[in-house]
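Asks: My structure is in protein32.cif, and what it holds is mmCIF, C-alpha atoms:
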```cif
data_run
loop_
_atom_site.label_atom_id
_atom_site.label_comp_id
_atom_site.auth_asym_id
_atom_site.auth_seq_id
_atom_site.Cartn_x
_atom_site.Cartn_y
_atom_site.Cartn_z
CA MET A 25 5.69 160.32 65.12
CA SER A 26 8.14 158.93 62.66
CA THR A 27 8.82 160.38 59.25
CA PRO A 28 10.85 158.82 56.47
CA ALA A 29 14.24 160.56 56.01
CA GLY A 30 14.89 161.61 52.87
CA THR A 31 31.58 143.08 61.31
CA SER A 32 34.61 141.76 60.14
CA ASP A 33 38.13 142.25 61.46
CA ALA A 34 38.12 145.54 59.60
CA ALA A 35 35.21 146.86 61.67
CA PRO A 36 36.53 149.14 64.44
CA GLY A 37 34.39 147.86 67.25
CA GLY A 38 34.04 144.12 66.89
CA THR A 39 30.55 142.89 67.77
CA ILE A 40 28.15 143.04 70.67
CA ASP A 41 27.58 140.05 72.87
CA ALA A 42 24.97 138.42 72.11
CA ALA A 43 -11.91 160.28 80.96
CA PRO A 44 -13.74 156.92 81.57
CA CYS A 45 -10.85 154.58 82.03
CA ARG A 46 -10.45 150.86 82.09
CA THR A 47 -9.93 149.88 85.69
CA VAL A 48 -8.27 146.95 87.38
CA ASP A 49 -11.53 145.91 89.04
CA ALA A 50 -13.19 144.81 85.82
CA ALA A 51 -13.28 141.04 85.38
CA PRO A 52 -12.67 140.06 81.76
CA GLY A 53 -14.75 137.29 80.33
CA GLY A 54 -17.57 137.41 82.88
CA ALA A 55 -18.16 134.89 85.64
CA SER A 56 -17.54 131.93 83.35
CA GLY A 57 -14.62 133.52 81.49
CA PRO A 58 -10.90 133.39 82.20
CA ALA A 59 -9.72 134.62 85.57
CA PRO A 60 -8.51 138.23 85.45
CA LEU A 61 -4.85 139.01 85.74
CA ARG A 62 -4.21 140.49 89.15
CA THR A 63 -2.17 143.68 89.30
CA ASP A 64 -1.53 143.72 93.06
CA GLY A 65 0.78 140.73 93.04
CA PRO A 66 2.51 138.25 90.74
CA VAL A 67 0.96 138.02 87.30
CA PRO A 68 0.28 134.44 86.19
CA ALA A 69 2.13 133.30 83.11
CA GLY A 70 0.09 132.41 80.05
CA THR A 71 -0.21 128.88 78.79
CA ASP A 72 -2.06 128.48 75.52
CA GLY A 73 -2.24 131.71 73.56
CA PRO A 74 -5.53 133.40 72.75
CA ALA A 75 -7.32 132.73 69.48
CA PRO A 76 -6.12 134.82 66.53
CA ALA A 77 -7.40 138.40 66.76
CA GLY A 78 -9.08 137.67 70.07
CA VAL A 79 -9.09 139.41 73.43
CA PHE A 80 -6.11 138.92 75.72
CA PRO A 81 -7.59 137.92 79.11
CA GLY A 82 -7.00 140.71 81.61
CA GLY A 83 -4.95 142.73 79.14
CA ALA A 84 -7.05 145.89 79.09
CA GLU A 85 -7.29 145.90 82.88
CA LEU A 86 -3.51 146.23 83.14
CA PHE A 87 -3.65 149.76 81.67
CA ARG A 88 -5.38 153.00 82.58
CA LEU A 89 -6.28 154.14 79.09
CA ASP A 90 -9.27 156.24 78.10
CA ALA A 91 -11.87 153.67 77.05
CA ARG A 92 -13.54 156.18 74.72
CA VAL A 93 -10.50 156.10 72.43
CA ALA A 94 -9.25 153.17 70.36
CA HIS A 95 -5.51 153.27 71.08
CA LEU A 96 -4.14 151.63 67.94
CA ASN A 97 -0.77 153.43 67.95
CA HIS A 98 1.17 151.73 70.74
CA GLY A 99 4.34 151.88 68.66
CA SER A 100 4.75 155.65 68.91
CA PHE A 101 4.78 156.21 72.66
CA GLY A 102 3.79 152.95 74.31
CA ALA A 103 1.64 152.75 77.42
CA VAL A 104 2.72 151.88 80.95
CA PRO A 105 0.99 148.94 82.66
CA LEU A 106 -0.37 149.62 86.13
CA PRO A 107 2.10 147.37 88.01
CA VAL A 108 5.02 149.18 86.39
CA ALA A 109 3.43 152.57 87.00
CA ARG A 110 3.03 151.71 90.68
CA GLU A 111 6.68 150.74 90.98
CA HIS A 112 7.64 153.94 89.21
CA ARG A 113 5.59 155.98 91.68
CA ARG A 114 7.06 154.07 94.61
CA ILE A 115 10.59 154.93 93.49
CA ALA A 116 9.60 158.56 92.94
CA ASP A 117 8.12 158.71 96.44
CA GLU A 118 11.33 157.25 97.82
CA ALA A 119 13.37 159.93 96.05
CA ALA A 120 11.09 162.65 97.39
CA ALA A 121 11.25 161.34 100.97
CA ASP A 122 15.06 161.33 101.23
CA PRO A 123 16.83 162.89 98.23
CA ASP A 124 20.29 162.49 99.76
CA ALA A 125 19.96 158.75 100.26
CA PHE A 126 18.31 158.31 96.88
CA PHE A 127 20.83 160.18 94.73
CA LEU A 128 23.86 158.83 96.54
CA GLY A 129 22.68 155.33 95.71
CA VAL A 130 21.62 155.98 92.11
CA PRO A 131 24.78 154.78 90.30
CA ASP A 132 24.70 151.36 91.94
CA ARG A 133 20.94 151.05 91.50
CA LEU A 134 21.25 151.88 87.81
CA ALA A 135 23.85 149.14 87.50
CA ALA A 136 21.51 146.67 89.19
CA ALA A 137 18.60 147.68 86.93
CA ARG A 138 20.86 147.36 83.90
CA ALA A 139 21.86 143.85 84.93
CA ARG A 140 18.19 142.81 85.15
CA ILE A 141 17.47 144.24 81.70
CA ALA A 142 20.57 142.65 80.18
CA ALA A 143 19.49 139.27 81.53
CA HIS A 144 16.26 139.54 79.53
CA PHE A 145 18.29 140.29 76.39
CA GLY A 146 20.92 137.65 77.04
CA THR A 147 23.76 140.15 76.83
CA ASP A 148 26.63 141.50 78.93
CA PRO A 149 25.42 144.26 81.30
CA GLU A 150 28.85 145.91 81.11
CA GLY A 151 28.35 146.36 77.38
CA MET A 152 25.06 148.19 77.73
CA ALA A 153 24.16 151.63 79.14
CA LEU A 154 20.80 152.99 80.20
CA VAL A 155 19.81 156.16 78.31
CA THR A 156 16.63 158.17 77.87
CA ASN A 157 15.63 157.31 74.30
CA ALA A 158 16.86 155.97 70.98
CA THR A 159 17.62 159.41 69.55
CA GLU A 160 19.98 160.21 72.41
CA ALA A 161 21.61 156.81 71.93
CA ALA A 162 22.08 157.48 68.21
CA HIS A 163 23.99 160.69 68.91
CA LEU A 164 26.22 158.98 71.47
CA ALA A 165 26.90 156.09 69.09
CA LEU A 166 27.76 158.30 66.13
CA ASP A 167 30.07 160.43 68.26
CA ALA A 168 31.91 157.27 69.30
CA LEU A 169 32.68 156.51 65.65
CA GLY A 170 34.57 159.77 65.10
CA LEU A 171 32.97 160.47 61.74
CA GLY A 172 34.11 163.30 59.52
CA PRO A 173 32.39 165.21 56.70
CA ASP A 174 34.08 163.07 54.03
CA ASP A 175 33.04 159.76 55.59
CA GLU A 176 30.21 157.94 53.84
CA VAL A 177 27.28 156.70 55.92
CA LEU A 178 24.57 154.51 54.44
CA VAL A 179 20.94 155.08 55.49
CA THR A 180 17.57 154.23 53.94
CA ASP A 181 14.61 156.38 53.05
CA HIS A 182 12.57 154.47 55.66
CA GLY A 183 14.83 155.60 58.51
CA TYR A 184 13.62 157.46 61.57
CA GLY A 185 13.98 161.17 60.85
CA THR A 186 15.93 162.30 63.92
CA VAL A 187 18.38 159.40 63.70
CA VAL A 188 19.07 160.08 60.02
CA GLN A 189 19.52 163.77 60.85
CA ALA A 190 22.02 162.84 63.56
CA ALA A 191 24.09 160.98 60.96
CA ALA A 192 23.78 163.86 58.46
CA ARG A 193 25.29 166.26 61.02
CA ARG A 194 28.47 164.20 61.14
CA ALA A 195 29.10 162.66 57.73
CA ARG A 196 28.06 162.43 54.10
CA LEU A 197 24.89 160.40 53.66
CA VAL A 198 24.08 157.93 50.93
CA THR A 199 20.36 157.20 51.07
CA VAL A 200 19.15 153.84 49.80
CA PRO A 201 15.62 154.03 48.36
CA LEU A 202 13.57 151.04 49.41
CA ASP A 203 10.34 150.46 47.53
CA PRO A 204 7.70 149.95 50.25
CA LEU A 205 6.38 147.02 48.21
CA LEU A 206 9.63 145.04 48.29
CA PRO A 207 8.32 141.54 48.94
CA ASP A 208 10.45 140.34 51.83
CA GLU A 209 13.51 140.81 54.04
CA ASP A 210 15.82 139.27 51.43
CA ALA A 211 14.76 141.84 48.85
CA VAL A 212 15.46 144.62 51.35
CA ARG A 213 18.87 143.11 52.10
CA GLU A 214 19.81 142.98 48.44
CA ALA A 215 18.80 146.61 47.91
CA VAL A 216 20.96 147.78 50.82
CA LEU A 217 23.98 145.71 49.78
CA ALA A 218 23.74 147.02 46.22
CA ALA A 219 24.39 150.52 47.56
CA VAL A 220 27.56 149.59 49.47
CA THR A 221 30.78 150.90 47.90
CA PRO A 222 34.44 150.84 49.00
CA ARG A 223 33.79 154.29 50.48
CA THR A 224 30.99 153.09 52.79
CA ARG A 225 32.27 153.32 56.34
CA VAL A 226 29.10 153.00 58.44
CA ALA A 227 25.53 151.78 57.89
CA VAL A 228 22.84 153.27 60.14
CA LEU A 229 19.82 151.03 59.70
CA ASP A 230 16.49 150.44 61.35
CA GLN A 231 15.94 147.02 62.80
CA ILE A 232 12.19 147.59 62.37
CA THR A 233 11.17 150.62 60.33
CA SER A 234 8.74 152.81 62.21
CA PRO A 235 6.45 154.06 59.42
CA THR A 236 6.47 151.03 57.14
CA ALA A 237 6.85 148.20 59.69
CA ARG A 238 9.62 146.35 57.84
CA ILE A 239 12.66 144.50 59.17
CA VAL A 240 15.81 145.93 57.59
CA ALA A 241 18.80 145.19 59.84
CA GLY A 242 18.28 141.46 60.14
CA PRO A 243 21.10 139.05 61.01
CA ARG A 244 21.91 138.14 57.38
CA LEU A 245 22.29 141.76 56.31
CA LEU A 246 24.42 142.55 59.35
CA ALA A 247 26.70 139.60 58.57
CA ASP A 248 27.05 140.69 54.93
CA LEU A 249 27.92 144.25 55.96
CA ALA A 250 30.47 142.94 58.44
CA ASP A 251 32.08 140.89 55.68
CA ARG A 252 32.45 144.12 53.69
CA GLY A 253 34.10 145.92 56.60
CA VAL A 254 31.13 148.22 57.24
CA THR A 255 30.46 149.28 60.83
CA THR A 256 26.81 148.68 61.71
CA VAL A 257 24.69 150.99 63.84
CA VAL A 258 21.23 149.53 64.40
CA ASP A 259 18.22 151.59 65.43
CA GLY A 260 16.26 148.99 67.36
CA ALA A 261 13.68 151.42 68.74
CA HIS A 262 10.87 148.87 68.36
CA ALA A 263 12.85 145.71 69.06
CA PRO A 264 12.83 145.33 72.89
CA GLY A 265 9.75 143.34 73.79
CA MET A 266 8.78 142.94 70.12
CA LEU A 267 11.55 140.56 69.06
CA ALA A 268 12.59 137.55 71.09
CA ALA A 269 16.30 138.22 70.41
CA PRO A 270 16.64 141.96 69.81
CA LEU A 271 20.45 141.89 69.58
CA ALA A 272 20.58 139.07 67.03
CA GLY A 273 23.15 139.58 64.29
CA ARG A 274 25.84 141.07 66.50
CA PRO A 275 25.83 144.69 65.31
CA ASP A 276 28.67 147.00 66.35
CA VAL A 277 26.21 149.39 68.02
CA TRP A 278 22.57 148.76 68.84
CA PHE A 279 20.02 150.84 70.72
CA GLY A 280 16.37 150.37 71.56
CA ASN A 281 13.52 151.95 73.48
CA LEU A 282 12.06 150.19 76.49
CA HIS A 283 8.97 152.41 76.74
CA LYS A 284 7.32 150.95 73.64
CA TRP A 285 6.95 147.16 73.57
CA ALA A 286 8.85 146.43 76.79
CA TYR A 287 6.27 148.22 79.00
CA ALA A 288 8.73 150.61 80.70
CA PRO A 289 8.01 154.21 81.71
CA PRO A 290 8.82 156.97 79.20
CA GLY A 291 12.45 158.03 79.04
CA SER A 292 13.80 154.46 79.18
CA ALA A 293 16.15 153.07 76.55
CA VAL A 294 19.37 151.09 76.22
CA LEU A 295 22.56 151.47 74.20
CA ALA A 296 24.67 148.36 73.57
CA VAL A 297 28.20 148.74 72.21
CA ALA A 298 30.86 146.30 71.04
CA PRO A 299 33.89 146.00 73.37
CA ALA A 300 36.38 147.92 71.21
CA LEU A 301 34.07 150.94 70.97
CA ARG A 302 32.96 151.25 74.57
CA ASP A 303 35.76 153.55 75.71
CA ARG A 304 34.94 155.90 72.85
CA VAL A 305 31.30 156.51 73.79
CA PRO A 306 31.12 160.04 75.24
CA ALA A 307 29.20 160.84 78.41
CA PRO A 308 26.22 163.13 77.69
CA VAL A 309 27.42 165.46 80.48
CA PRO A 310 30.44 165.40 82.81
CA SER A 311 29.61 163.66 86.08
CA TRP A 312 31.20 162.16 89.17
CA GLU A 313 31.05 158.77 87.44
CA ASP A 314 33.29 159.81 84.54
CA HIS A 315 36.26 157.94 85.94
CA ARG A 316 34.27 154.70 85.80
CA GLY A 317 33.98 154.77 82.01
CA PHE A 318 31.29 153.04 79.98
CA PRO A 319 28.55 152.33 80.93
CA ARG A 320 28.36 154.23 84.22
CA ALA A 321 29.78 157.48 82.85
CA VAL A 322 27.10 157.43 80.14
CA GLU A 323 24.07 156.68 82.29
CA TYR A 324 24.79 158.93 85.29
CA ARG A 325 24.38 162.69 84.80
CA GLY A 326 24.13 164.16 88.27
CA THR A 327 20.81 165.33 89.64
CA ALA A 328 18.25 164.06 87.16
CA ASP A 329 15.10 161.94 87.12
CA TYR A 330 16.24 158.31 87.12
CA THR A 331 12.97 156.87 88.41
CA GLY A 332 11.75 155.59 85.03
CA LEU A 333 15.02 153.82 84.32
CA LEU A 334 14.97 152.20 87.75
CA ALA A 335 11.46 150.86 87.08
CA ALA A 336 12.18 149.77 83.50
CA ALA A 337 13.14 146.19 84.31
CA ASP A 338 9.71 145.69 85.86
CA GLY A 339 8.20 146.10 82.40
CA LEU A 340 10.27 143.24 81.00
CA ASP A 341 9.49 141.17 84.10
CA LEU A 342 5.78 141.72 83.48
CA LEU A 343 6.13 140.74 79.83
CA ALA A 344 7.84 137.52 80.87
CA ALA A 345 5.16 136.79 83.48
CA LEU A 346 2.40 137.26 80.92
CA GLY A 347 4.22 134.91 78.54
CA ALA A 348 6.29 136.92 76.09
CA GLU A 349 5.66 134.65 73.11
CA ARG A 350 1.96 134.57 73.88
CA VAL A 351 1.86 138.38 74.00
CA ARG A 352 3.78 138.69 70.74
CA ALA A 353 1.53 136.22 68.92
CA HIS A 354 -1.59 137.96 70.19
CA ASN A 355 -0.34 141.43 69.25
CA SER A 356 0.74 140.35 65.77
CA ALA A 357 -2.61 138.66 65.14
CA LEU A 358 -4.50 141.78 66.17
CA ALA A 359 -2.40 144.03 63.95
CA ALA A 360 -2.91 141.63 61.04
CA HIS A 361 -6.66 141.64 61.69
CA GLY A 362 -6.73 145.42 61.57
CA ALA A 363 -4.65 145.59 58.42
CA GLY A 364 -6.91 143.03 56.76
CA LEU A 365 -9.96 145.18 57.43
CA LEU A 366 -8.29 148.34 56.13
CA ALA A 367 -7.02 146.54 53.03
CA LYS A 368 -10.65 146.05 51.94
CA LEU A 369 -11.10 149.83 51.57
CA PRO A 370 -10.91 151.25 48.03
CA GLY A 371 -7.44 152.51 47.17
CA VAL A 372 -5.78 151.19 50.36
CA THR A 373 -2.85 148.84 49.69
CA PRO A 374 -1.27 146.67 52.40
CA LEU A 375 2.52 146.62 52.54
CA PRO A 376 4.38 143.32 52.93
CA ALA A 377 4.26 142.29 56.57
CA ASP A 378 6.27 140.16 58.99
CA ASP A 379 4.40 137.87 61.36
CA ARG A 380 6.91 138.63 64.12
CA LEU A 381 5.74 142.23 64.32
CA ALA A 382 2.77 143.86 66.03
CA LEU A 383 2.85 146.64 63.43
CA ARG A 384 1.17 146.74 60.04
CA ALA A 385 1.40 149.49 57.42
CA LEU A 386 -0.74 150.28 54.39
CA ARG A 387 -0.52 152.82 51.59
CA LEU A 388 -3.37 155.32 51.28
CA PRO A 389 -4.88 156.64 48.05
CA SER A 390 -2.62 159.14 46.28
CA ARG A 391 -4.54 162.21 47.43
CA PHE A 392 -4.04 161.50 51.14
CA ALA A 393 -1.19 162.36 53.51
CA ARG A 394 1.52 163.07 50.95
CA THR A 395 2.67 166.21 52.76
CA ARG A 396 0.56 166.84 55.89
CA PRO A 397 -0.06 163.51 57.59
CA GLU A 398 -0.90 165.16 60.90
CA ALA A 399 -4.09 166.63 59.41
CA LEU A 400 -5.51 163.20 58.52
CA ARG A 401 -4.21 161.71 61.78
CA GLU A 402 -6.10 164.30 63.83
CA GLU A 403 -9.21 164.01 61.67
CA ILE A 404 -9.25 160.27 62.34
CA MET A 405 -9.00 160.98 66.05
CA VAL A 406 -11.71 163.66 66.10
CA ARG A 407 -14.21 161.94 63.80
CA VAL A 408 -13.52 158.27 64.51
CA GLY A 409 -11.95 158.28 67.98
CA CYS A 410 -8.93 156.21 66.94
CA ARG A 411 -5.24 156.86 67.48
CA VAL A 412 -3.11 155.73 64.54
CA LEU A 413 0.11 156.79 62.83
CA VAL A 414 -0.26 158.46 59.45
CA TRP A 415 2.97 158.93 57.52
CA PRO A 416 3.89 160.94 54.42
CA TRP A 417 5.31 159.40 51.27
CA PRO A 418 5.62 160.54 47.66
CA GLY A 419 2.60 159.47 45.66
CA GLY A 420 0.35 159.11 48.69
CA GLY A 421 0.98 158.56 52.35
CA GLY A 422 0.33 155.61 54.59
CA ILE A 423 -1.30 154.46 57.79
CA ARG A 424 0.10 152.17 60.49
CA VAL A 425 -1.83 150.21 63.09
CA CYS A 426 -0.48 148.33 66.09
CA GLY A 427 -1.71 145.48 68.23
CA GLN A 428 -1.38 145.37 72.00
CA ILE A 429 -2.95 143.32 74.79
CA TYR A 430 -5.34 146.14 75.67
CA ASN A 431 -6.82 146.21 72.16
CA ARG A 432 -9.94 144.42 70.89
CA PRO A 433 -10.94 143.38 67.35
CA ALA A 434 -13.92 145.75 67.45
CA GLU A 435 -11.59 148.75 67.67
CA TYR A 436 -10.11 147.96 64.25
CA GLU A 437 -13.58 147.48 62.83
CA ARG A 438 -14.45 150.93 64.12
CA LEU A 439 -11.35 152.36 62.43
CA ALA A 440 -12.18 150.67 59.13
CA ARG A 441 -15.73 152.03 59.13
CA GLY A 442 -14.59 155.54 59.98
CA LEU A 443 -11.70 155.58 57.54
CA ARG A 444 -14.01 154.46 54.74
CA SER A 445 -16.19 157.48 55.45
CA LEU A 446 -13.19 159.82 55.41
CA LEU A 447 -11.80 158.37 52.19
CA ASP A 448 -15.20 158.70 50.57
CA GLY A 449 -15.24 162.38 51.58
CA ASP A 450 -18.31 162.19 53.84
#
```
For the structure just supplied, provide its representation as structure tokens.
Replies:
Amino acid sequence: MSTPAGTSDAAPGGTIDAAPCRTVDAAPGGASGPAPLRTDGPVPAGTDGPAPAGVFPGGAELFRLDARVAHLNHGSFGAVPLPVAREHRRIADEAAADPDAFFLGVPDRLAAARARIAAHFGTDPEGMALVTNATEAAHLALDALGLGPDDEVLVTDHGYGTVVQAAARRARLVTVPLDPLLPDEDAVREAVLAAVTPRTRVAVLDQITSPTARIVAGPRLLADLADRGVTTVVDGAHAPGMLAAPLAGRPDVWFGNLHKWAYAPPGSAVLAVAPALRDRVPAPVPSWEDHRGFPRAVEYRGTADYTGLLAAADGLDLLAALGAERVRAHNSALAAHGAGLLAKLPGVTPLPADDRLALRALRLPSRFARTRPEALREEIMVRVGCRVLVWPWPGGGGIRVCGQIYNRPAEYERLARGLRSLLDGD
């Protein structure tokens, strides 16, 4: 769960190159409906997208999720499609059958997997390392910058807690307050730029904020910061799979999770670094690949579980086969449908949204979730059977819903009915 945290020539690194479960046997749509997506072979690409807030043909059958629960919180942990899970298991079985052969070949196989992932992002595979998650990547990136306690790092109060904490361990933070009701990306950009001073060395910014579902580190803001000589570190945890061009704007450092919207197994993420900074990124642990430098020294750490990383590219391949733009449009429409239903509840206020995102956030009445969001989150699960993110905020917390191809409009209607009952105190 996410909680709010309290380049020009002058930039050091240059820029980056650009229970009951749903089963695969169910046939969506009935005999006269669309043909189901097969999961034992190539997945057919989509043509025309589904109707707004409709059902993605075959989407639910690609996942093994508990059908008794409405899983409306894909953005926190993701879910692994069955074809990717099978490839993950196959690699794990291979490792178990002959550990010597498997581990001796891991460095080269990681490089091959990285090249496949980089091709989806349109970036240089030698400028990108495979890591386990965005928080690990944040620590590696900040260590590469050689920050000291007197250096000034800009963050926002919408930042992901562990990433902001990583910056606070190394430098002096300046936190930019962003009103959740700021109308658009330009207003966010202006608020961030207004906080930049001659002392600002680094800006650590979310590409997409986790609790409030806003784009902060867009290309225009990154260009403006570069013009001011500020090194940019972009937390793109939600960007892979969600945005068509996740590395747009050429930040100095960018990292993103693959296990959320890119359909990879847990423990799969990437760290992309501008050329001048690559030799400064420390390896998490000493290994026999240290002499190879970035990225191999970063992604290889001896005897560890690499199976998820080796299967990660299959998630992006699946997204492409389904029709990435079709998936994104469907997911955004579903999230918007859910937010529209919740916005009709008394005291619930929708936050400004971006049609590119499959996340929507709303403010709750002032008496809810200001300090203990987990209590309301679990009550929603127990009483309504829905998984959502509830986040704290001064003056009343908020709720976030996501859209994914396994979701259906009726699940958001169920959430709206149940949340109304909880807000009314029934």
Asks: Name the closest residue to A:Glu313 among the candidates A:Asp181, A:Asp132, A:Glu214, A:Glu403; distances are taken between atoms, counting all atoms listed in the file.
Replies: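 With all atoms listed in the file as the atom set, the closest residue is A:Asp132.
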Asks: When you draw a straight line from atom CA of A:Gly347 to atom CA of A:Ile429, how long is it in Å?
Replies: 11.7 Å
Asks: List, as number ranges by chain, every residue that the PyMOL selection byres ((chain A and resi 84) around 7) selects in the file provided.
Replies: A: 46, 82-83, 85-87, 429-431
Asks: Quick one: which stretch 179-289 of chain A residues come within 12 Å of stretch 136-142 of chain A, and what is the nearest atom pair for each with the distance in Å to one decimal, counting only C-alpha atoms, rows ordered by chain and ascending number, as a tab-separated table?
Replies:
```
residue	atom	partner	partner_atom	distance
A:Pro264	CA	A:Ile141	CA	10.0
A:Gly265	CA	A:Ile141	CA	11.1
A:Ala269	CA	A:Ala142	CA	11.5
A:Pro270	CA	A:Ala142	CA	11.1
A:Leu271	CA	A:Ala142	CA	10.6
A:Gly280	CA	A:Ile141	CA	11.9
A:Asn281	CA	A:Ile141	CA	11.9
A:Leu282	CA	A:Ile141	CA	9.6
A:Ala286	CA	A:Ile141	CA	10.2
A:Ala288	CA	A:Ile141	CA	10.9
```
Asks: Please enumerate the residues selected by the PyMOL selection byres ((chain A and resi 191) around 10) when evaluated against the supplied file, formatted as a ChimeraX atom specification.
Replies: /A:162-163,165-167,171,176-179,186-190,192-197,226-228
